[in-house]
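The structure file protein-v5.csv is reproduced below (CSV, C-alpha atoms).
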chain,number,residue,atom,x,y,z
A,431,MET,CA,-20.7,18.5,30.1
A,432,VAL,CA,-22.7,20.8,27.7
A,433,ASP,CA,-23.5,21.0,24.0
A,434,LEU,CA,-21.4,23.9,22.8
A,435,GLU,CA,-23.1,24.1,19.4
A,436,THR,CA,-26.5,24.7,20.9
A,437,GLU,CA,-25.2,27.0,23.6
A,438,PRO,CA,-23.5,29.9,21.8
A,439,SER,CA,-23.0,31.7,25.1
A,440,SER,CA,-21.5,28.7,26.8
A,441,PRO,CA,-18.7,29.7,29.2
A,442,PHE,CA,-16.5,27.1,27.5
A,443,ILE,CA,-16.4,28.8,24.1
A,444,GLN,CA,-13.1,30.5,23.2
A,445,SER,CA,-13.2,33.7,21.2
A,446,PRO,CA,-12.4,33.1,17.5
A,447,GLU,CA,-8.8,34.3,17.6
A,448,HIS,CA,-8.0,31.8,20.5
A,449,ARG,CA,-9.7,28.7,19.1
A,450,PRO,CA,-7.6,25.7,18.1
A,451,LYS,CA,-6.4,25.6,14.4
A,452,SER,CA,-7.4,22.6,12.3
A,453,SER,CA,-3.7,22.0,11.4
A,454,ILE,CA,-1.3,21.0,14.2
A,455,ILE,CA,2.5,21.6,14.3
A,456,ILE,CA,4.3,18.9,16.2
A,457,ALA,CA,7.4,20.3,17.9
A,458,GLU,CA,10.7,18.7,17.0
A,459,GLY,CA,12.5,21.6,18.4
A,460,ILE,CA,11.5,21.4,22.1
A,461,PRO,CA,14.9,20.5,23.6
A,462,LEU,CA,15.2,17.0,25.0
A,463,ILE,CA,17.8,16.9,27.8
A,464,ASP,CA,19.4,13.8,29.3
A,465,LEU,CA,20.1,14.2,33.0
A,466,THR,CA,22.4,11.3,33.2
A,467,PRO,CA,25.4,13.4,34.2
A,468,ILE,CA,23.9,14.4,37.5
A,469,ASN,CA,21.8,11.4,38.3
A,470,TYR,CA,24.1,8.5,37.5
A,471,LYS,CA,27.5,10.0,38.1
A,472,ASP,CA,28.3,7.4,40.9
A,473,GLU,CA,27.3,4.5,38.7
A,474,ILE,CA,29.1,5.2,35.4
A,475,ILE,CA,32.2,7.1,34.3
A,476,THR,CA,31.2,10.5,32.9
A,477,ASN,CA,33.0,13.1,31.0
A,478,PRO,CA,34.3,15.8,33.5
A,479,LEU,CA,32.8,18.4,31.1
A,480,SER,CA,29.3,16.7,30.9
A,481,ILE,CA,27.8,18.7,33.8
A,482,GLU,CA,29.1,21.9,32.3
A,483,GLY,CA,27.5,20.9,29.0
A,484,LEU,CA,24.3,20.0,30.7
A,485,VAL,CA,24.1,23.5,32.4
A,486,LYS,CA,24.6,25.1,28.9
A,487,GLU,CA,21.8,23.0,27.5
A,488,ILE,CA,19.5,24.0,30.3
A,489,GLY,CA,20.3,27.7,29.9
A,490,LYS,CA,19.8,27.6,26.1
A,491,ALA,CA,16.5,25.8,26.5
A,492,CYS,CA,15.3,28.3,29.1
A,493,LYS,CA,16.3,31.3,26.9
A,494,GLU,CA,15.1,30.1,23.6
A,495,TRP,CA,12.0,28.1,24.5
A,496,GLY,CA,11.1,28.4,28.2
A,497,PHE,CA,10.3,24.7,27.8
A,498,PHE,CA,12.3,21.4,27.6
A,499,GLN,CA,11.9,17.7,28.3
A,500,VAL,CA,14.1,15.6,30.5
A,501,ILE,CA,14.9,11.9,30.4
A,502,ASN,CA,17.0,9.8,32.9
A,503,HIS,CA,15.6,11.9,35.7
A,504,LYS,CA,15.6,9.1,38.3
A,505,VAL,CA,11.9,9.5,39.3
A,506,PRO,CA,10.9,5.9,39.8
A,507,LEU,CA,8.5,4.8,37.0
A,508,ASP,CA,6.4,2.7,39.4
A,509,LYS,CA,5.7,5.8,41.6
A,510,ARG,CA,4.6,7.7,38.5
A,511,GLU,CA,2.4,4.8,37.3
A,512,ARG,CA,0.8,4.4,40.7
A,513,ILE,CA,-0.3,8.1,40.9
A,514,GLU,CA,-1.5,8.0,37.3
A,515,GLU,CA,-3.7,4.9,38.1
A,516,SER,CA,-5.0,6.5,41.3
A,517,SER,CA,-5.9,9.7,39.4
A,518,ARG,CA,-7.9,7.7,36.8
A,519,LYS,CA,-9.7,5.9,39.6
A,520,PHE,CA,-10.5,9.2,41.4
A,521,PHE,CA,-11.9,10.9,38.4
A,522,GLY,CA,-13.9,7.8,37.6
A,523,LEU,CA,-15.9,8.3,40.8
A,524,SER,CA,-19.4,9.8,40.8
A,525,LEU,CA,-19.6,13.6,40.8
A,526,ASP,CA,-21.3,13.4,44.2
A,527,GLU,CA,-18.3,11.5,45.6
A,528,LYS,CA,-15.8,13.9,44.2
A,529,LEU,CA,-17.7,16.9,45.4
A,530,LYS,CA,-17.1,15.7,49.0
A,531,VAL,CA,-13.5,17.1,48.7
A,532,ARG,CA,-14.4,20.1,46.5
A,533,ARG,CA,-12.3,23.2,47.1
A,534,ASP,CA,-13.8,26.6,48.0
A,535,GLU,CA,-12.6,30.2,48.3
A,536,ILE,CA,-11.1,29.6,51.7
A,537,ASN,CA,-9.5,26.3,51.2
A,538,LEU,CA,-8.0,26.2,47.7
A,539,LEU,CA,-7.1,22.5,47.9
A,540,GLY,CA,-9.1,19.6,46.6
A,541,TYR,CA,-11.4,18.8,43.7
A,542,PHE,CA,-12.8,21.4,41.3
A,543,GLU,CA,-14.7,21.1,38.1
A,544,ALA,CA,-15.3,24.8,37.0
A,545,GLU,CA,-12.0,26.4,36.6
A,546,HIS,CA,-11.5,29.5,34.4
A,547,THR,CA,-8.4,30.6,32.5
A,548,LYS,CA,-8.5,34.1,31.0
A,549,ASN,CA,-12.1,34.3,32.0
A,550,VAL,CA,-13.1,31.3,29.9
A,551,ARG,CA,-14.1,28.0,31.5
A,552,ASP,CA,-11.7,25.1,30.9
A,553,TRP,CA,-12.9,21.7,29.6
A,554,LYS,CA,-11.5,19.7,32.5
A,555,GLU,CA,-11.7,18.7,36.1
A,556,ILE,CA,-8.9,18.8,38.6
A,557,TYR,CA,-7.6,17.8,42.0
A,558,ASP,CA,-5.0,19.9,43.9
A,559,PHE,CA,-2.9,19.0,46.9
A,560,ASN,CA,0.0,20.7,48.6
A,561,VAL,CA,3.4,19.0,48.9
A,562,GLN,CA,4.2,20.1,52.5
A,563,GLN,CA,1.9,18.3,54.9
A,564,PRO,CA,0.5,20.5,56.3
A,565,THR,CA,1.7,23.7,54.8
A,566,PHE,CA,2.6,26.0,57.6
A,567,ILE,CA,2.3,29.7,56.9
A,568,PRO,CA,4.6,31.6,59.4
A,569,PRO,CA,3.8,35.1,60.7
A,570,SER,CA,4.8,38.0,58.6
A,571,ASP,CA,4.8,41.8,58.9
A,572,GLU,CA,1.2,41.9,57.7
A,573,GLN,CA,0.0,38.9,59.6
A,574,SER,CA,0.8,38.3,63.2
A,575,PHE,CA,-0.4,34.7,63.5
A,576,GLN,CA,0.5,31.3,62.0
A,577,PHE,CA,-2.0,29.1,60.2
A,578,GLN,CA,-1.9,26.0,58.0
A,579,TRP,CA,-3.4,24.5,54.9
A,580,GLU,CA,-4.7,20.9,55.1
A,581,ASN,CA,-5.1,18.7,52.1
A,582,ARG,CA,-8.6,17.4,51.4
A,583,TRP,CA,-7.9,13.7,50.8
A,584,PRO,CA,-10.8,11.6,49.4
A,585,GLN,CA,-11.7,8.2,51.0
A,586,ASN,CA,-11.6,6.5,47.6
A,587,PRO,CA,-9.6,5.1,46.0
A,588,PRO,CA,-8.0,3.9,49.3
A,589,GLU,CA,-4.5,4.0,48.0
A,590,PHE,CA,-4.9,7.6,46.6
A,591,ARG,CA,-3.2,9.6,49.5
A,592,GLU,CA,-0.2,7.3,49.7
A,593,ALA,CA,0.3,7.3,45.9
A,594,CYS,CA,0.2,11.1,45.8
A,595,GLN,CA,2.6,11.6,48.7
A,596,GLU,CA,5.1,9.0,47.4
A,597,TYR,CA,5.2,10.6,44.0
A,598,ALA,CA,5.4,14.2,45.4
A,599,GLU,CA,8.5,13.3,47.4
A,600,GLU,CA,10.3,12.0,44.2
A,601,VAL,CA,9.2,14.8,41.8
A,602,GLU,CA,10.2,17.5,44.3
A,603,LYS,CA,13.7,16.1,44.4
A,604,LEU,CA,13.9,16.5,40.6
A,605,ALA,CA,12.6,20.1,40.8
A,606,TYR,CA,15.4,21.1,43.2
A,607,LYS,CA,18.0,19.4,41.0
A,608,LEU,CA,16.7,21.4,38.0
A,609,MET,CA,16.7,24.6,40.0
A,610,GLU,CA,20.4,24.1,40.8
A,611,LEU,CA,21.1,23.6,37.1
A,612,ILE,CA,19.1,26.7,36.3
A,613,ALA,CA,21.0,28.7,38.9
A,614,MET,CA,24.3,27.6,37.5
A,615,SER,CA,23.2,28.5,34.0
A,616,LEU,CA,22.6,32.1,35.2
A,617,GLY,CA,26.0,32.2,36.7
A,618,LEU,CA,24.7,31.8,40.3
A,619,VAL,CA,25.8,29.3,43.0
A,620,PRO,CA,23.8,26.1,42.7
A,621,ASN,CA,21.8,26.5,46.0
A,622,ARG,CA,21.0,30.2,45.3
A,623,PHE,CA,17.2,29.6,45.3
A,624,ARG,CA,16.9,27.0,48.0
A,625,ASP,CA,16.0,29.3,50.9
A,626,PHE,CA,12.9,30.5,49.1
A,627,PHE,CA,11.4,27.1,49.5
A,628,ILE,CA,11.8,26.4,53.2
A,629,HIS,CA,8.1,27.0,53.7
A,630,ASN,CA,7.1,26.4,50.1
A,631,THR,CA,3.6,26.4,48.8
A,632,SER,CA,4.4,23.9,46.0
A,633,ASN,CA,1.5,21.8,44.8
A,634,ILE,CA,0.6,18.9,42.5
A,635,ARG,CA,-2.5,19.0,40.3
A,636,LEU,CA,-4.2,16.0,38.8
A,637,ASN,CA,-5.9,17.0,35.5
A,638,HIS,CA,-8.6,15.1,33.7
A,639,TYR,CA,-9.6,16.4,30.2
A,640,PRO,CA,-12.8,14.4,29.1
A,641,PRO,CA,-13.6,14.0,25.4
A,642,CYS,CA,-15.1,17.2,24.0
A,643,PRO,CA,-17.7,16.9,21.3
A,644,TYR,CA,-16.6,20.2,19.8
A,645,PRO,CA,-12.8,20.5,20.2
A,646,HIS,CA,-12.7,23.3,17.7
A,647,LEU,CA,-14.5,25.6,20.1
A,648,ALA,CA,-13.1,24.9,23.5
A,649,LEU,CA,-9.8,24.3,25.2
A,650,GLY,CA,-8.9,21.9,28.0
A,651,LEU,CA,-6.8,24.7,29.5
A,652,GLY,CA,-6.7,28.2,27.9
A,653,ARG,CA,-3.6,30.1,27.0
A,654,HIS,CA,-1.6,31.1,30.1
A,655,LYS,CA,1.8,31.4,31.8
A,656,ASP,CA,2.5,29.5,35.0
A,657,THR,CA,2.6,31.8,38.0
A,658,GLY,CA,5.1,29.9,40.1
A,659,VAL,CA,8.8,29.1,39.8
A,660,LEU,CA,9.1,25.8,37.8
A,661,THR,CA,6.6,23.3,36.5
A,662,VAL,CA,7.4,19.5,36.1
A,663,LEU,CA,4.7,17.9,34.0
A,664,ALA,CA,3.9,14.2,33.5
A,665,GLN,CA,1.5,13.7,30.6
A,666,ASP,CA,0.0,10.6,29.2
A,667,ASP,CA,0.4,9.4,25.6
A,668,VAL,CA,-2.7,11.2,24.3
A,669,GLY,CA,-1.0,14.6,24.0
A,670,GLY,CA,-2.5,18.0,23.7
A,671,LEU,CA,-0.1,20.4,25.3
A,672,GLN,CA,0.8,23.3,23.0
A,673,VAL,CA,3.6,25.8,23.5
A,674,LYS,CA,3.7,29.3,21.9
A,675,ARG,CA,7.0,29.4,20.1
A,676,LYS,CA,8.9,32.5,20.9
A,677,SER,CA,10.5,32.9,17.5
A,678,ASP,CA,7.2,33.3,15.5
A,679,GLY,CA,4.3,33.0,17.9
A,680,GLU,CA,3.1,29.7,16.4
A,681,TRP,CA,1.4,27.1,18.6
A,682,ILE,CA,3.5,24.0,18.7
A,683,GLN,CA,2.2,20.7,20.0
A,684,VAL,CA,4.6,18.8,22.3
A,685,LYS,CA,4.9,15.2,21.4
A,686,PRO,CA,4.7,12.8,24.4
A,687,ILE,CA,7.9,10.8,25.2
A,688,PHE,CA,7.6,7.8,27.4
A,689,ASN,CA,8.8,8.3,31.0
A,690,SER,CA,9.9,11.9,30.3
A,691,PHE,CA,8.9,15.1,32.1
A,692,ILE,CA,8.1,18.4,30.4
A,693,ILE,CA,9.7,21.3,32.3
A,694,ASN,CA,8.8,25.0,31.9
A,695,VAL,CA,10.0,28.2,33.5
A,696,GLY,CA,7.4,30.1,35.6
A,697,ASP,CA,6.8,33.8,36.2
A,698,MET,CA,8.9,33.9,39.3
A,699,ILE,CA,12.0,32.7,37.5
A,700,GLN,CA,11.4,35.4,34.9
A,701,VAL,CA,11.4,38.1,37.6
A,702,TRP,CA,14.4,36.6,39.5
A,703,SER,CA,16.4,36.5,36.3
A,704,ASN,CA,15.3,40.0,35.3
A,705,ASP,CA,13.8,38.7,32.0
A,706,ALA,CA,16.9,36.6,31.1
A,707,TYR,CA,14.5,33.6,31.1
A,708,GLU,CA,10.9,34.2,30.1
A,709,SER,CA,7.7,32.3,31.2
A,710,VAL,CA,6.0,31.2,27.9
A,711,GLU,CA,2.4,30.9,27.1
A,712,HIS,CA,1.0,27.4,26.7
A,713,ARG,CA,-2.4,25.8,26.4
A,714,VAL,CA,-4.1,22.3,26.2
A,715,MET,CA,-6.1,21.0,23.3
A,716,VAL,CA,-9.0,18.6,23.8
A,717,ASN,CA,-10.2,15.9,21.4
A,718,SER,CA,-13.5,14.2,20.8
A,719,GLU,CA,-12.5,10.6,21.4
A,720,LYS,CA,-10.0,10.1,24.2
A,721,ASP,CA,-9.7,11.1,27.9
A,722,ARG,CA,-6.4,12.9,28.6
A,723,PHE,CA,-4.7,12.9,32.0
A,724,SER,CA,-1.7,14.9,33.2
A,725,ILE,CA,0.0,15.6,36.5
A,726,PRO,CA,1.9,18.9,36.9
A,727,PHE,CA,4.1,19.6,39.9
A,728,PHE,CA,4.3,23.4,40.5
A,729,LEU,CA,7.4,24.5,42.5
A,730,LYS,CA,6.4,27.6,44.5
A,731,PRO,CA,8.1,29.7,47.2
A,732,ALA,CA,6.8,30.6,50.7
A,733,LEU,CA,3.8,32.9,50.8
A,734,TYR,CA,5.9,35.6,52.5
A,735,THR,CA,8.5,35.7,49.8
A,736,ASP,CA,9.0,39.1,48.0
A,737,VAL,CA,10.1,38.1,44.5
A,738,LYS,CA,12.4,40.7,42.8
A,739,PRO,CA,15.3,40.6,40.3
A,740,LEU,CA,18.3,39.1,42.0
A,741,GLU,CA,21.1,41.6,42.8
A,742,GLU,CA,23.7,39.3,41.1
A,743,LEU,CA,21.9,39.7,37.8
A,744,THR,CA,21.3,43.4,37.8
A,745,ASN,CA,23.7,46.4,37.4
A,746,ASP,CA,23.7,49.9,36.0
A,747,ARG,CA,23.5,48.6,32.4
A,748,ASN,CA,20.8,46.1,33.3
A,749,PRO,CA,18.7,47.7,36.1
A,750,PRO,CA,15.8,45.8,37.8
A,751,LYS,CA,12.8,45.6,35.5
A,752,TYR,CA,10.3,44.6,38.2
A,753,SER,CA,9.2,46.0,41.5
A,754,PRO,CA,8.9,43.4,44.3
A,755,ILE,CA,6.1,41.0,44.0
A,756,ASN,CA,4.7,39.5,47.2
A,757,TRP,CA,4.1,35.8,46.3
A,758,GLY,CA,1.3,35.3,48.7
A,759,LYS,CA,-0.8,38.2,47.4
A,760,PHE,CA,0.0,37.5,43.8
A,761,ARG,CA,-0.9,33.8,44.2
A,762,THR,CA,-4.1,34.5,46.0
A,763,ALA,CA,-5.3,37.0,43.4
A,764,ARG,CA,-4.6,34.6,40.6
A,765,MET,CA,-6.3,31.7,42.4
A,766,GLN,CA,-9.4,33.7,43.1
A,767,SER,CA,-9.7,34.6,39.4
A,768,ASN,CA,-10.0,30.8,38.6
A,769,PHE,CA,-13.4,30.5,40.2
A,770,ALA,CA,-15.5,32.5,37.9
A,771,LYS,CA,-15.6,34.8,35.0
A,772,SER,CA,-14.5,38.4,35.7
A,773,ASN,CA,-14.7,41.7,33.9
A,774,VAL,CA,-11.1,42.5,34.5
A,775,ASP,CA,-7.9,40.9,33.4
A,776,ASN,CA,-6.1,38.4,35.7
A,777,LEU,CA,-3.1,39.9,37.6
A,778,GLN,CA,0.1,39.4,35.7
A,779,ILE,CA,3.8,40.1,36.3
A,780,TYR,CA,3.8,42.8,33.7
A,781,HIS,CA,1.7,44.8,36.2
A,782,PHE,CA,4.9,45.0,38.2
A,783,LYS,CA,7.1,46.2,35.4
A,784,ILE,CA,9.2,49.3,36.1
A,785,SER,CA,8.6,51.7,33.3

This structure in structure tokens:
Amino acid sequence: MVDLETEPSSPFIQSPEHRPKSSIIIAEGIPLIDLTPINYKDEIITNPLSIEGLVKEIGKACKEWGFFQVINHKVPLDKRERIEESSRKFFGLSLDEKLKVRRDEINLLGYFEAEHTKNVRDWKEIYDFNVQQPTFIPPSDEQSFQFQWENRWPQNPPEFREACQEYAEEVEKLAYKLMELIAMSLGLVPNRFRDFFIHNTSNIRLNHYPPCPYPHLALGLGRHKDTGVLTVLAQDDVGGLQVKRKSDGEWIQVKPIFNSFIINVGDMIQVWSNDAYESVEHRVMVNSEKDRFSIPFFLKPALYTDVKPLEELTNDRNPPKYSPINWGKFRTARMQSNFAKSNVDNLQIYHFKIS
């Protein structure tokens, strides 16, 4: 990319207060949750109270961390390994080849190498595709016609599209299982959130973080909170994800665990839960020696969804803390801010707080 030391005005350089620290705290406290009770209940005898215990674990993790890891999730390992290999092959192509499927301000799907977070350029390249094929956007009060988003599939590697679609099908199932557990942990019926995803805008992102000569100046992904509902992250063994611990504000590095997924609450769950569960800041460190790859699945509602605190979770003593947020407008505003540096702050859910 560029030499950060010789380009002090480089768009990659973080302000001093946001640069990585030389010492790293490895998180032992990020909850590790075993999903056996819901995934293998027909194959082994389980304690009748195990699902209730699992729900409590999920609720505690969402409240105290906003992050947790899951094992025994039943996403086939071969599907995960296939998309990881396809991702490596794609990012190994020439830049000219990757630019053939580059996204733009109209079609926000495909390859991109110049994304910004908090108005600072990230040290990474990405590829985005939507899970629904194609994603149909139905008419709404503000839009009288239906349109659709089409994924921009590269010709190479030849197995890329199939690997992505097979993996998406499996990880989406996991996301819906987790949403049922989260609903139960809030005292809601398990399928309370399901209707929000009939015309979902969920997507998967392939991330490649190349070695960075000056990892003390830049970040692979700057500090941020995820805008959507829930994130299901597959990361390789290199590591680099850091979570801002709620108890003291320290940046904690999440240690990779083989065949696990890292789960985090997004902004929309924070709004639906009326701040019972908070979306937590996180970022990605880079290193000077190894490439890092990760694959997040972002569960997102339909564009026409107005997200607001759920009636079941509000009352006179706990009134709604947010005015309705139209997901389509919110998502578009946030996506547009990823293209270039801006003089204004990115749109955040706190802009919708009821004072």

Closest of A:Arg747, A:Lys676, A:Arg532, A:Arg624 to Pro731 in chain A - atom-to-atom distances counting all atoms listed in the file | A:Arg624

d(CA of Lys548 in chain A, CA of Arg653 in chain A) in Å = 7.5 Å

Could you jot down the CA of Asn745 in chain A to CA of Asp697 in chain A separation for me, Å, one decimal place?
-> 21.1 Å

Cut-off 12 Å around (12.2, 36.1, 19.1) with all atoms listed in the file: residues as a ChimeraX atom specification | /A:493-496,674-680,708,710

CA of Leu618 in chain A to CA of Val601 in chain A: how many Å, to one decimal?
->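 So the answer is 23.1 Å.
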
Can you pull out every residue within 9 Å of Asn621 in chain A, counting all atoms listed in the file, but drop anything in the same chain fewer than 3 positions away, and send it as a list in words?
-> Tyr606, Met609, Glu610, Ala613, Met614, Leu618, Arg624 and Asp625 of chain A

Using only C-alpha atoms, please write the residues we just selected to a file, as a short mmCIF file (atom, residue, chain, number, x, y, z; two decimals), in the coordinates of the input.
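Final output, saved to selection-v6.cif:
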data_model
loop_
_atom_site.label_atom_id
_atom_site.label_comp_id
_atom_site.auth_asym_id
_atom_site.auth_seq_id
_atom_site.Cartn_x
_atom_site.Cartn_y
_atom_site.Cartn_z
CA TYR A 606 15.40 21.10 43.20
CA MET A 609 16.70 24.60 40.00
CA GLU A 610 20.40 24.10 40.80
CA ALA A 613 21.00 28.70 38.90
CA MET A 614 24.30 27.60 37.50
CA LEU A 618 24.70 31.80 40.30
CA ARG A 624 16.90 27.00 48.00
CA ASP A 625 16.00 29.30 50.90
#

So that I can check the surroundings of Arg635 in chain A, please list as an mmCIF file with C-alpha atoms, keeping the file's coordinate frame every protein, DNA and RNA residue that reaches within 8 Å of it, counting all atoms listed in the file and ignoring chain neighbours fewer than 3 positions away.
data_model
loop_
_atom_site.group_PDB
_atom_site.id
_atom_site.type_symbol
_atom_site.label_atom_id
_atom_site.label_comp_id
_atom_site.auth_asym_id
_atom_site.auth_seq_id
_atom_site.Cartn_x
_atom_site.Cartn_y
_atom_site.Cartn_z
ATOM 1 C CA ILE A 556 -8.900 18.800 38.600
ATOM 2 C CA TYR A 557 -7.600 17.800 42.000
ATOM 3 C CA ASP A 558 -5.000 19.900 43.900
ATOM 4 C CA PHE A 559 -2.900 19.000 46.900
ATOM 5 C CA ILE A 725 0.000 15.600 36.500
ATOM 6 C CA PRO A 726 1.900 18.900 36.900
ATOM 7 C CA PHE A 727 4.100 19.600 39.900
#

Of the residues A:Gln778, A:Asn549, A:Asn633, A:Gln563, which is the one nearest to Lys759 in chain A, using all atoms listed in the file?
->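 Among A:Gln778, A:Asn549, A:Asn633, A:Gln563, it is A:Gln778 that comes nearest to Lys759 in chain A.
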
Could you tell me which of A:Leu616, A:Ile779, A:Leu507, A:Leu647 comes closest to Leu743 in chain A if we count all atoms listed in the file?
-> A:Leu616

Name the closest residue to Pro450 in chain A among the candidates A:Phe521, A:Phe542, A:Tyr734, A:Tyr644; distances are taken between atoms, counting all atoms listed in the file.
->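 Among the listed residues, A:Tyr644 lies closest to Pro450 in chain A.
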
Find the spatial neighbours of Glu599 in chain A, counting all atoms listed in the file, within a cut-off of 12 Å - ignore same-chain residues fewer than 6 positions away - and output them as a short mmCIF file (atom, residue, chain, number, x, y, z; two decimals) with C-alpha atoms, in the frame of the given file.
data_model
loop_
_atom_site.label_atom_id
_atom_site.label_comp_id
_atom_site.auth_asym_id
_atom_site.auth_seq_id
_atom_site.Cartn_x
_atom_site.Cartn_y
_atom_site.Cartn_z
CA VAL A 505 11.90 9.50 39.30
CA PRO A 506 10.90 5.90 39.80
CA LYS A 509 5.70 5.80 41.60
CA ARG A 510 4.60 7.70 38.50
CA ASN A 560 0.00 20.70 48.60
CA VAL A 561 3.40 19.00 48.90
CA GLN A 562 4.20 20.10 52.50
CA GLN A 563 1.90 18.30 54.90
CA GLU A 592 -0.20 7.30 49.70
CA ALA A 593 0.30 7.30 45.90
CA ALA A 605 12.60 20.10 40.80
CA TYR A 606 15.40 21.10 43.20
CA SER A 632 4.40 23.90 46.00
CA ASN A 633 1.50 21.80 44.80
CA ILE A 634 0.60 18.90 42.50
CA PHE A 727 4.10 19.60 39.90
#

Extract, using only C-alpha atoms, all DNA, RNA and protein residues at most 10 Å from Ile460 in chain A, discarding same-chain residues fewer than 5 positions from it, and format them as a ChimeraX atom specification.
-> /A:491,494-499,673,675,682-685,692

Counting only C-alpha atoms, figure out which residue out of A:Gly670, A:Pro467, A:Gly658, A:Pro620 gets nearest to Pro645 in chain A.
->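 Answer, going by the shortest atom-to-atom distance: A:Gly670.
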